[in-house]
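Raw contents of data-v6.cif, mmCIF, C-alpha atoms and all ligand atoms:
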data_data
loop_
_atom_site.label_atom_id
_atom_site.label_comp_id
_atom_site.auth_asym_id
_atom_site.auth_seq_id
_atom_site.Cartn_x
_atom_site.Cartn_y
_atom_site.Cartn_z
CA MET A 1 0.00 0.00 0.00
CA SER A 2 1.28 3.53 -0.72
CA VAL A 3 2.07 5.88 2.15
CA VAL A 4 -0.96 8.00 1.22
CA GLY A 5 -3.19 4.90 1.16
CA SER A 6 -2.11 3.96 4.66
CA CYS A 7 -2.77 7.47 6.01
CA PRO A 8 -6.25 8.49 4.80
CA LEU A 9 -6.68 10.99 7.62
CA GLY A 10 -3.34 12.62 6.86
CA ALA A 11 -4.30 12.82 3.19
CA ALA A 12 -7.47 14.69 4.15
CA THR A 13 -5.68 17.08 6.52
CA THR A 14 -5.01 20.58 5.20
CA LEU A 15 -2.39 23.05 6.37
CA ALA A 16 -5.11 25.72 6.42
CA GLU A 17 -7.02 23.71 9.02
CA LEU A 18 -3.89 23.10 11.10
CA SER A 19 -3.13 26.79 10.94
CA ARG A 20 -6.63 27.95 11.91
CA ASP A 21 -7.86 25.55 14.60
CA PRO A 22 -5.86 22.31 14.68
CA HIS A 23 -6.92 20.69 17.95
CA ALA A 24 -9.82 18.45 16.87
CA ARG A 25 -7.86 17.20 13.85
CA LEU A 26 -4.70 16.59 15.90
CA ALA A 27 -6.75 14.58 18.43
CA LEU A 28 -8.15 12.40 15.66
CA LEU A 29 -4.71 11.89 14.11
CA ARG A 30 -3.23 10.99 17.50
CA VAL A 31 -5.71 8.14 17.89
CA ARG A 32 -5.83 6.82 14.33
CA GLU A 33 -2.56 7.86 12.68
CA PRO A 34 -0.12 9.06 15.36
CA VAL A 35 2.61 9.24 12.72
CA SER A 36 0.78 10.34 9.60
CA TRP A 37 1.94 11.26 6.10
CA LEU A 38 0.49 14.66 5.15
CA PRO A 39 0.80 15.25 1.39
CA GLU A 40 0.25 19.01 1.87
CA LEU A 41 3.17 19.11 4.29
CA GLY A 42 5.32 16.76 2.22
CA GLY A 43 6.25 15.01 5.43
CA TRP A 44 5.20 12.99 8.46
CA LEU A 45 3.32 14.60 11.35
CA VAL A 46 3.88 13.10 14.82
CA THR A 47 1.10 13.81 17.33
CA ARG A 48 1.58 11.30 20.18
CA ARG A 49 3.72 12.50 23.08
CA ASP A 50 5.84 9.35 23.52
CA LEU A 51 6.65 9.27 19.81
CA ALA A 52 7.37 13.01 19.79
CA LEU A 53 9.91 12.41 22.57
CA SER A 54 11.50 9.51 20.67
CA VAL A 55 12.08 11.76 17.66
CA MET A 56 13.49 14.72 19.59
CA ARG A 57 15.77 12.51 21.72
CA ASP A 58 17.36 10.70 18.79
CA ALA A 59 19.30 13.32 16.85
CA GLU A 60 21.32 10.62 15.06
CA THR A 61 18.21 9.31 13.32
CA PHE A 62 16.19 12.54 13.22
CA THR A 63 18.50 15.47 12.51
CA VAL A 64 18.03 19.21 12.04
CA ASP A 65 21.13 19.28 9.84
CA ASP A 66 19.63 19.33 6.37
CA PRO A 67 19.99 21.73 3.42
CA ARG A 68 16.20 22.24 3.39
CA PHE A 69 16.36 24.05 6.73
CA SER A 70 15.40 27.63 5.74
CA THR A 71 16.88 29.56 8.69
CA ALA A 72 20.35 28.14 8.03
CA ARG A 73 20.08 29.24 4.40
CA VAL A 74 19.83 32.88 5.51
CA VAL A 75 22.03 33.06 8.62
CA GLY A 76 24.42 30.12 8.06
CA PRO A 77 24.98 27.10 10.30
CA SER A 78 24.20 27.60 13.99
CA MET A 79 23.29 25.50 17.03
CA LEU A 80 19.72 25.36 15.70
CA SER A 81 20.76 23.67 12.46
CA LEU A 82 23.60 21.38 13.62
CA ASP A 83 23.75 18.09 15.49
CA GLY A 84 26.32 15.96 17.29
CA ASP A 85 29.68 17.37 18.39
CA THR A 86 29.40 20.45 16.16
CA HIS A 87 26.08 21.29 17.82
CA THR A 88 27.70 21.05 21.25
CA ARG A 89 30.58 23.27 20.12
CA HIS A 90 28.12 25.95 18.93
CA ARG A 91 25.75 25.75 21.92
CA GLU A 92 28.14 25.44 24.86
CA PRO A 93 29.63 28.98 24.68
CA PHE A 94 26.14 30.50 25.09
CA THR A 95 24.73 28.46 27.96
CA ALA A 96 26.10 30.23 31.08
CA PRO A 97 23.85 33.35 31.17
CA PHE A 98 20.74 31.21 30.62
CA ARG A 99 21.11 28.97 33.69
CA PRO A 100 18.37 29.57 36.29
CA ARG A 101 20.44 31.50 38.83
CA ALA A 102 22.24 33.54 36.19
CA VAL A 103 18.93 34.39 34.52
CA HIS A 104 17.51 35.72 37.75
CA ASP A 105 20.60 37.75 38.62
CA GLY A 106 21.19 38.98 35.09
CA PHE A 107 17.70 39.71 33.79
CA ALA A 108 15.05 40.17 36.52
CA ALA A 109 15.81 43.88 37.06
CA VAL A 110 15.86 44.63 33.32
CA ILE A 111 12.56 42.83 32.75
CA GLU A 112 10.92 44.64 35.67
CA ARG A 113 12.18 48.02 34.47
CA GLU A 114 11.03 47.47 30.90
CA THR A 115 7.65 46.04 31.96
CA ASP A 116 7.03 49.05 34.20
CA ARG A 117 8.09 51.48 31.49
CA LEU A 118 5.63 49.92 29.02
CA LEU A 119 2.79 49.79 31.56
CA THR A 120 3.34 53.41 32.60
CA GLY A 121 2.83 54.39 28.97
CA LEU A 122 -0.42 52.42 28.80
CA GLU A 123 -2.00 52.78 32.23
CA ALA A 124 -4.05 55.94 31.71
CA THR A 125 -5.52 54.89 28.36
CA GLY A 126 -7.98 52.24 29.59
CA ALA A 127 -7.65 50.15 26.41
CA ALA A 128 -4.81 48.70 24.31
CA GLU A 129 -3.74 46.01 21.87
CA LEU A 130 -1.32 44.16 24.11
CA ARG A 131 0.55 42.05 21.58
CA ARG A 132 2.05 45.04 19.76
CA ALA A 133 2.02 47.51 22.67
CA PHE A 134 3.35 45.21 25.38
CA ALA A 135 4.41 41.61 24.63
CA GLY A 136 6.35 42.38 21.41
CA PRO A 137 8.35 45.38 22.71
CA LEU A 138 9.19 43.54 25.93
CA ALA A 139 10.46 40.49 24.01
CA VAL A 140 12.65 42.67 21.78
CA ALA A 141 14.07 44.65 24.71
CA VAL A 142 15.04 41.49 26.61
CA VAL A 143 16.74 39.87 23.60
CA THR A 144 18.61 43.10 22.90
CA GLU A 145 19.85 43.04 26.49
CA ALA A 146 20.77 39.34 26.23
CA LEU A 147 22.83 39.91 23.08
CA GLY A 148 24.58 42.98 24.49
CA LEU A 149 25.52 44.25 21.02
CA VAL A 150 27.58 47.40 21.15
CA GLY A 151 25.83 50.44 19.62
CA THR A 152 22.42 48.87 18.99
CA THR A 153 18.98 49.64 20.36
CA SER A 154 15.79 47.59 20.48
CA ASP A 155 14.57 49.38 17.34
CA THR A 156 17.68 48.38 15.39
CA VAL A 157 17.35 44.75 16.50
CA LEU A 158 13.65 44.71 15.59
CA GLY A 159 14.40 46.13 12.12
CA TRP A 160 16.97 43.38 11.40
CA TYR A 161 14.70 40.75 12.81
CA ASP A 162 11.68 41.74 10.67
CA THR A 163 13.77 41.79 7.51
CA ILE A 164 15.52 38.47 8.16
CA VAL A 165 12.20 36.80 9.07
CA ARG A 166 10.75 37.95 5.73
CA SER A 167 13.68 36.31 3.91
CA VAL A 168 13.32 33.04 5.82
CA SER A 169 9.56 33.03 5.10
CA ASP A 170 10.20 33.67 1.37
CA ILE A 171 12.56 30.70 1.23
CA THR A 172 10.13 28.50 3.17
CA ALA A 173 7.42 29.42 0.65
CA GLY A 174 9.76 28.41 -2.21
CA HIS A 175 10.52 31.99 -3.43
CA GLU A 176 13.84 33.75 -3.93
CA ALA A 177 14.76 35.68 -0.79
CA ALA A 178 14.81 39.48 -1.24
CA PRO A 179 18.34 41.00 -0.97
CA ALA A 180 17.19 43.09 2.02
CA GLY A 181 17.44 39.96 4.21
CA ALA A 182 21.11 39.44 3.35
CA ALA A 183 21.79 43.17 3.88
CA ALA A 184 20.16 43.11 7.34
CA TYR A 185 22.16 40.04 8.22
CA ASP A 186 25.37 41.81 7.09
CA ARG A 187 24.59 44.67 9.48
CA LEU A 188 23.99 42.23 12.33
CA ARG A 189 27.29 40.53 11.54
CA ALA A 190 29.08 43.91 11.53
CA ALA A 191 27.60 44.70 14.96
CA VAL A 192 28.78 41.31 16.24
CA GLU A 193 32.29 42.03 14.89
CA ALA A 194 32.33 45.44 16.59
CA THR A 195 31.17 43.92 19.88
CA VAL A 196 33.73 41.14 19.79
CA ALA A 197 36.49 43.63 18.94
CA ASP A 198 35.55 45.72 22.00
CA ARG A 199 37.01 43.46 24.69
CA ASP A 200 35.37 45.55 27.40
CA ALA A 201 31.86 44.93 26.08
CA ALA A 202 29.73 43.13 28.66
CA SER A 203 28.30 40.74 26.10
CA LEU A 204 28.09 36.96 26.01
CA LEU A 205 29.22 37.27 22.39
CA VAL A 206 32.70 38.31 23.57
CA SER A 207 33.24 35.13 25.59
CA ALA A 208 31.63 33.04 22.81
CA ALA A 209 34.24 34.42 20.41
CA ASP A 210 36.94 32.69 22.45
CA ARG A 211 35.62 29.37 21.20
CA LEU A 212 33.87 30.17 17.91
CA THR A 213 34.81 32.16 14.80
CA VAL A 214 33.15 35.56 14.39
CA PRO A 215 30.83 34.34 11.58
CA GLU A 216 29.80 31.45 13.85
CA VAL A 217 29.08 33.87 16.70
CA ALA A 218 26.99 35.98 14.31
CA SER A 219 24.92 33.00 13.14
CA ASN A 220 24.14 32.02 16.72
CA ALA A 221 23.36 35.64 17.64
CA ALA A 222 20.79 35.66 14.84
CA VAL A 223 19.31 32.43 16.18
CA LEU A 224 19.06 33.92 19.67
CA MET A 225 17.16 36.80 18.07
CA PHE A 226 14.84 34.40 16.25
CA GLY A 227 14.41 32.28 19.33
CA GLY A 228 13.72 35.19 21.60
CA ILE A 229 11.32 37.51 19.79
CA GLU A 230 8.48 35.71 18.00
CA THR A 231 8.13 32.90 20.53
CA THR A 232 8.26 35.05 23.66
CA GLU A 233 5.73 37.48 22.20
CA ALA A 234 3.52 34.42 21.61
CA MET A 235 4.14 33.00 25.08
CA ILE A 236 3.07 36.22 26.84
CA THR A 237 0.11 36.92 24.54
CA ASN A 238 -1.23 33.34 24.71
CA ALA A 239 -0.94 33.21 28.51
CA LEU A 240 -2.85 36.47 28.84
CA LEU A 241 -5.52 35.29 26.44
CA HIS A 242 -5.98 32.01 28.36
CA LEU A 243 -6.34 33.83 31.68
CA LEU A 244 -8.74 36.45 30.34
CA ARG A 245 -10.88 33.80 28.67
CA HIS A 246 -11.18 31.88 31.96
CA PRO A 247 -12.23 34.36 34.68
CA ASP A 248 -12.54 31.55 37.25
CA GLN A 249 -8.90 30.57 36.70
CA LEU A 250 -7.82 34.22 36.66
CA ALA A 251 -9.54 34.69 40.02
CA LEU A 252 -7.54 31.76 41.44
CA VAL A 253 -4.30 33.35 40.25
CA ARG A 254 -5.23 36.80 41.58
CA ALA A 255 -6.00 35.22 44.96
CA ASP A 256 -2.67 33.34 45.00
CA PHE A 257 0.08 34.52 42.66
CA GLY A 258 1.87 31.26 43.46
CA LEU A 259 -0.47 29.76 40.84
CA LEU A 260 0.84 32.02 38.10
CA ASP A 261 3.58 29.54 37.12
CA GLY A 262 0.93 26.84 36.73
CA ALA A 263 -1.10 29.17 34.51
CA ILE A 264 1.96 29.85 32.32
CA GLU A 265 2.77 26.12 31.94
CA GLU A 266 -0.88 25.37 31.13
CA SER A 267 -0.90 28.03 28.45
CA LEU A 268 2.36 26.66 26.99
CA ARG A 269 0.77 23.23 27.01
CA LEU A 270 -2.43 24.26 25.26
CA GLU A 271 -0.86 26.67 22.75
CA PRO A 272 2.92 26.32 22.49
CA GLY A 273 4.23 29.46 20.77
CA ALA A 274 6.26 27.25 18.41
CA ALA A 275 3.69 24.63 17.41
CA VAL A 276 6.03 22.28 15.53
CA VAL A 277 9.71 21.38 15.15
CA ASP A 278 11.17 19.81 12.01
CA ARG A 279 13.60 16.93 11.72
CA TYR A 280 14.97 14.92 8.75
CA ALA A 281 15.45 11.14 8.84
CA THR A 282 19.07 10.09 8.35
CA ARG A 283 18.14 6.43 7.68
CA ASP A 284 15.16 4.16 7.06
CA THR A 285 13.50 3.54 10.40
CA ALA A 286 10.27 2.52 12.12
CA LEU A 287 8.43 5.09 14.23
CA GLY A 288 5.32 3.74 15.94
CA PRO A 289 3.20 2.28 13.16
CA ALA A 290 5.01 4.16 10.36
CA THR A 291 7.96 3.24 8.16
CA ILE A 292 10.07 6.35 7.66
CA ARG A 293 12.42 6.58 4.68
CA ARG A 294 15.86 8.18 4.76
CA GLY A 295 15.55 11.88 3.87
CA ASP A 296 11.87 12.15 4.90
CA LEU A 297 10.74 15.27 6.70
CA VAL A 298 9.43 14.39 10.17
CA THR A 299 7.48 17.23 11.80
CA VAL A 300 6.78 16.91 15.51
CA SER A 301 3.52 18.56 16.56
CA LEU A 302 4.30 19.95 20.01
CA THR A 303 0.66 21.08 20.12
CA GLY A 304 -0.50 17.53 19.46
CA ALA A 305 1.87 15.98 22.02
CA ASN A 306 0.81 18.54 24.64
CA ARG A 307 -2.82 17.40 24.53
CA ASP A 308 -2.08 13.68 24.71
CA PRO A 309 -4.77 12.36 27.12
CA ASP A 310 -2.49 9.49 28.22
CA VAL A 311 -0.42 12.10 30.07
CA PHE A 312 -2.85 15.02 30.52
CA PRO A 313 -6.38 13.96 31.55
CA ASP A 314 -9.08 16.30 30.13
CA PRO A 315 -6.38 17.69 27.86
CA ASP A 316 -8.43 20.58 26.44
CA VAL A 317 -9.18 22.08 29.86
CA PHE A 318 -7.17 25.11 31.07
CA ASP A 319 -6.46 24.21 34.69
CA VAL A 320 -3.93 26.40 36.52
CA ARG A 321 -3.67 23.72 39.23
CA ARG A 322 -2.85 20.84 36.87
CA ALA A 323 -0.15 18.91 38.72
CA ASN A 324 1.90 17.76 35.74
CA ALA A 325 1.59 20.76 33.38
CA ARG A 326 5.39 21.09 33.38
CA LEU A 327 5.56 17.91 31.30
CA GLN A 328 4.47 20.05 28.35
CA LEU A 329 6.93 20.14 25.45
CA ALA A 330 6.67 23.77 24.29
CA PHE A 331 10.44 24.19 24.68
CA ALA A 332 11.11 20.93 22.79
CA HIS A 333 13.25 18.15 24.25
CA GLY A 334 16.65 16.56 23.78
CA PRO A 335 19.77 18.32 22.51
CA HIS A 336 17.85 21.28 21.05
CA TYR A 337 15.84 21.97 24.21
CA CYS A 338 15.29 25.74 24.25
CA LEU A 339 18.45 27.44 25.45
CA ALA A 340 16.51 30.24 27.14
CA ALA A 341 13.48 28.48 28.65
CA HIS A 342 14.25 29.87 32.13
CA LEU A 343 14.55 33.39 30.75
CA ALA A 344 11.28 33.09 28.82
CA ARG A 345 9.52 31.83 31.96
CA LEU A 346 10.92 34.63 34.13
CA GLU A 347 9.98 37.23 31.53
CA THR A 348 6.41 35.97 31.25
CA ARG A 349 6.00 35.65 35.02
CA ILE A 350 7.12 39.24 35.67
CA ALA A 351 5.15 40.62 32.72
CA LEU A 352 1.88 38.95 33.72
CA ARG A 353 2.14 39.69 37.40
CA ARG A 354 2.88 43.39 36.86
CA LEU A 355 0.15 43.68 34.26
CA LEU A 356 -2.48 42.06 36.48
CA GLU A 357 -1.44 44.22 39.43
CA ARG A 358 -1.33 47.52 37.56
CA LEU A 359 -4.32 47.30 35.21
CA PRO A 360 -7.42 46.84 37.38
CA ALA A 361 -10.49 45.00 36.06
CA LEU A 362 -8.52 43.86 33.00
CA ARG A 363 -10.80 42.11 30.47
CA LEU A 364 -10.96 41.16 26.81
CA ASP A 365 -12.45 43.81 24.51
CA PRO A 366 -15.73 42.26 23.23
CA ASP A 367 -15.52 44.40 20.06
CA HIS A 368 -12.33 42.60 18.98
CA PRO A 369 -12.78 38.84 19.35
CA THR A 370 -9.55 36.93 18.86
CA ALA A 371 -8.00 33.45 18.85
CA PRO A 372 -4.54 31.96 18.30
CA SER A 373 -3.67 31.02 14.73
CA GLY A 374 -0.61 30.00 12.74
CA LEU A 375 0.97 26.79 11.51
CA VAL A 376 4.42 27.19 13.05
CA PHE A 377 4.18 30.21 15.35
CA ARG A 378 0.79 30.32 17.06
CA LYS A 379 -0.68 33.36 18.75
CA PRO A 380 -3.61 35.75 18.33
CA THR A 381 -3.00 38.40 15.64
CA THR A 382 -4.20 41.00 18.13
CA LEU A 383 -5.13 41.03 21.81
CA HIS A 384 -7.40 44.01 22.48
CA VAL A 385 -8.17 44.56 26.16
CA ARG A 386 -9.82 47.16 28.39
CA TRP A 387 -9.36 48.07 32.03
CA ALA A 388 -10.47 50.69 34.52
CA ALA A 389 -8.18 53.63 33.74
C1 LIG B 401 14.37 34.88 25.45
C2 LIG B 401 13.69 34.02 24.78
C3 LIG B 401 14.26 32.87 23.99
C4 LIG B 401 15.51 32.69 23.46
C5 LIG B 401 16.70 33.63 23.52
C6 LIG B 401 15.51 31.38 22.83
C7 LIG B 401 16.59 30.80 22.20
C8 LIG B 401 16.62 29.54 21.67
C9 LIG B 401 17.76 28.93 21.03
C10 LIG B 401 19.11 29.61 20.86
C11 LIG B 401 17.42 27.70 20.63
C12 LIG B 401 18.28 26.70 19.88
C13 LIG B 401 18.84 25.68 20.82
C14 LIG B 401 19.56 24.57 20.09
O1 LIG B 401 19.27 24.31 18.92
O2 LIG B 401 20.45 23.94 20.70
C15 LIG B 401 16.03 27.50 21.01
C16 LIG B 401 15.31 26.35 20.76
C17 LIG B 401 13.95 26.30 20.93
N1 LIG B 401 13.15 27.23 21.54
FE1 LIG B 401 13.73 28.94 22.40
N2 LIG B 401 14.26 30.81 22.96
C18 LIG B 401 13.47 31.70 23.66
C19 LIG B 401 12.15 31.54 23.98
C20 LIG B 401 11.37 30.50 23.56
C21 LIG B 401 9.95 30.39 23.78
C22 LIG B 401 9.11 31.41 24.51
C23 LIG B 401 9.55 29.20 23.19
C24 LIG B 401 8.18 28.59 23.11
C25 LIG B 401 7.10 29.03 23.69
C26 LIG B 401 10.73 28.60 22.62
C27 LIG B 401 10.73 27.39 21.96
C28 LIG B 401 11.85 26.77 21.46
C29 LIG B 401 11.82 25.49 20.79
C30 LIG B 401 10.58 24.65 20.50
C31 LIG B 401 13.14 25.19 20.44
C32 LIG B 401 13.65 23.93 19.76
C33 LIG B 401 13.74 24.06 18.27
C34 LIG B 401 14.05 22.70 17.67
O3 LIG B 401 14.18 21.71 18.37
O4 LIG B 401 14.11 22.60 16.43
N3 LIG B 401 11.81 29.40 22.85
N4 LIG B 401 15.57 28.64 21.64
#

Is it possible to give me this structure as structure tokens?
Ligand code: HEM
Amino acid sequence: MSVVGSCPLGAATTLAELSRDPHARLALLRVREPVSWLPELGGWLVTRRDLALSVMRDAETFTVDDPRFSTARVVGPSMLSLDGDTHTRHREPFTAPFRPRAVHDGFAAVIERETDRLLTGLEATGAAELRRAFAGPLAVAVVTEALGLVGTTSDTVLGWYDTIVRSVSDITAGHEAAPAGAAAYDRLRAAVEATVADRDAASLLVSAADRLTVPEVASNAAVLMFGGIETTEAMITNALLHLLRHPDQLALVRADFGLLDGAIEESLRLEPGAAVVDRYATRDTALGPATIRRGDLVTVSLTGANRDPDVFPDPDVFDVRRANARLQLAFAHGPHYCLAAHLARLETRIALRRLLERLPALRLDPDHPTAPSGLVFRKPTTLHVRWAA
């Protein structure tokens, strides 16, 4: 039987549906075809949590290191696109500032200051679109701080980021990338060179340059930018949306801010900001019921794995007291586990707590209904809210 014949549900699954509202379809796939060939994707989609873990743990069989990987085509090889010893060599020099203690000491004050600055600008207005006016600018400011590039501001970093993202998206869609992407990347590389040359700069890029070449540092700096902006904006926006849609759960959190971490994990579980991660099979292999061929694209649905009822009873329910919510896989698993998961958690915790404390009677704006969407990066396009000014 052909692959398509053995995966009728996968054959009937469209990327438009997965992008709009994927949960019912992912649940059906998980039961009937947990590793399913999706012709529209041109690859396998893995929706069961145990199988998702098997793929992400086994980088020898399921690698990121493949010429089809679009980010690497714009910014060159980095930790995100390498495996094995080379991956370790690229990742190791960047790990120290992202350990839990170092994150707290190095970033808490900056996040608090930036959160307060943004909220002070909003407070009197009584209404705002929080994705663009709060979550996005905060994410950019924190990544800018993390990179510590000499002579750059948040606005500069955002400009590069937007342009490079457009290039990566063009390549993903099969088009030629516009030259602006390469030009923006050249400017980022020049800023990395200037930072590394300034031995007094308090930047993790300086110490990374002891172990990596300058072009390698630049590629990884770009990946930190990618990792830190889109996904963190999504993490903050999705968590706010979940809380505002569930006033009973929000009341629990307001009564005991110790439950805020549970709310954040639950939101990551239900709508991971990065919904999928891609791998490429290095050999023929069996995965659950499927026979994977060497070279096949294997896409892990973190969203699917995160609602696996074998691990999360009543998986569609947003429950800030769920005991095992931290088993969610929004930050992936295995060698590519998100480098900055602690930072993203701290950032979201401070942002949400300050927002809930400073904007009284915060609620969704009924004139602007919204919901998360997106195939790879999932979040609401806008998050309009009101409060008592
Ligand atoms: C300050 C914020 C963040 C930074 C600087 C950051 C940075 C990174 C970096 C450098 C990697 C590559 C690690 C490697 O390949 O060895 C990575 C991986 C990853 N990050 Fe983050 N990240 C951030 C926030 C987030 C958030 C909020 C999410 C999801 C909600 C997320 C999800 C992921 C995932 C799923 C991967 C794995 C990609 C893969 O396996 O292919 N990250 N991150």

Taking all atoms listed in the file into account, report as an MDAnalysis selection string which residues have an atom no farther than 8 Å from an atom of ligand LIG 401 (chain B).
-> chainID A and resid 56 64 78:82 87:88 91 139 142:143 146 220 223:235 268 272:279 302 329:341 343:345 347

Could you name the residues that touch Thr13 in chain A at 8 Å or less, counting all atoms listed in the file, but leaving out those on the same chain fewer than 4 positions away, as a PyMOL selection string?
-> chain A and resi 9+17-18+25+38+40

Contact check, range 288-376 of chain A to range 113-125 of chain A, at most 8 Å, counting all atoms listed in the file, closest pairs as a tab-separated table:
residue	atom	partner	partner_atom	distance
A:Ile350	CA	A:Thr115	CA	7.8
A:Ala351	CA	A:Thr115	CA	6.0
A:Arg354	CA	A:Thr115	CA	7.3
A:Leu355	CA	A:Leu119	CA	7.2
A:Arg358	CA	A:Glu123	CA	7.5
A:Leu359	CA	A:Glu123	CA	6.7

Pick from A:Ile164, A:Leu26, A:Thr95, A:Val103, whichever lies nearest to Thr14 in chain A using all atoms listed in the file =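 Looking at the shortest contact to Thr14 in chain A, the residue is A:Leu26.
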
Given the choices A:Leu241, A:Ala12, A:Ala135, A:Ala325, which gets closest to Ser36 in chain A if the distance is worked out from all atoms listed in the file?
-> A:Ala12

Mind pulling up the distance from CA of Ile111 in chain A to CA of Glu357 in chain A?
->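 Between CA of Glu357 in chain A and CA of Ile111 in chain A the gap works out to 15.6 Å.
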
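Among A:Leu51, A:Leu205, A:Leu270, A:Leu29, the residue with the shortest atom-to-atom distance to Leu147 in chain A, counting only C-alpha atoms, is A:Leu205.
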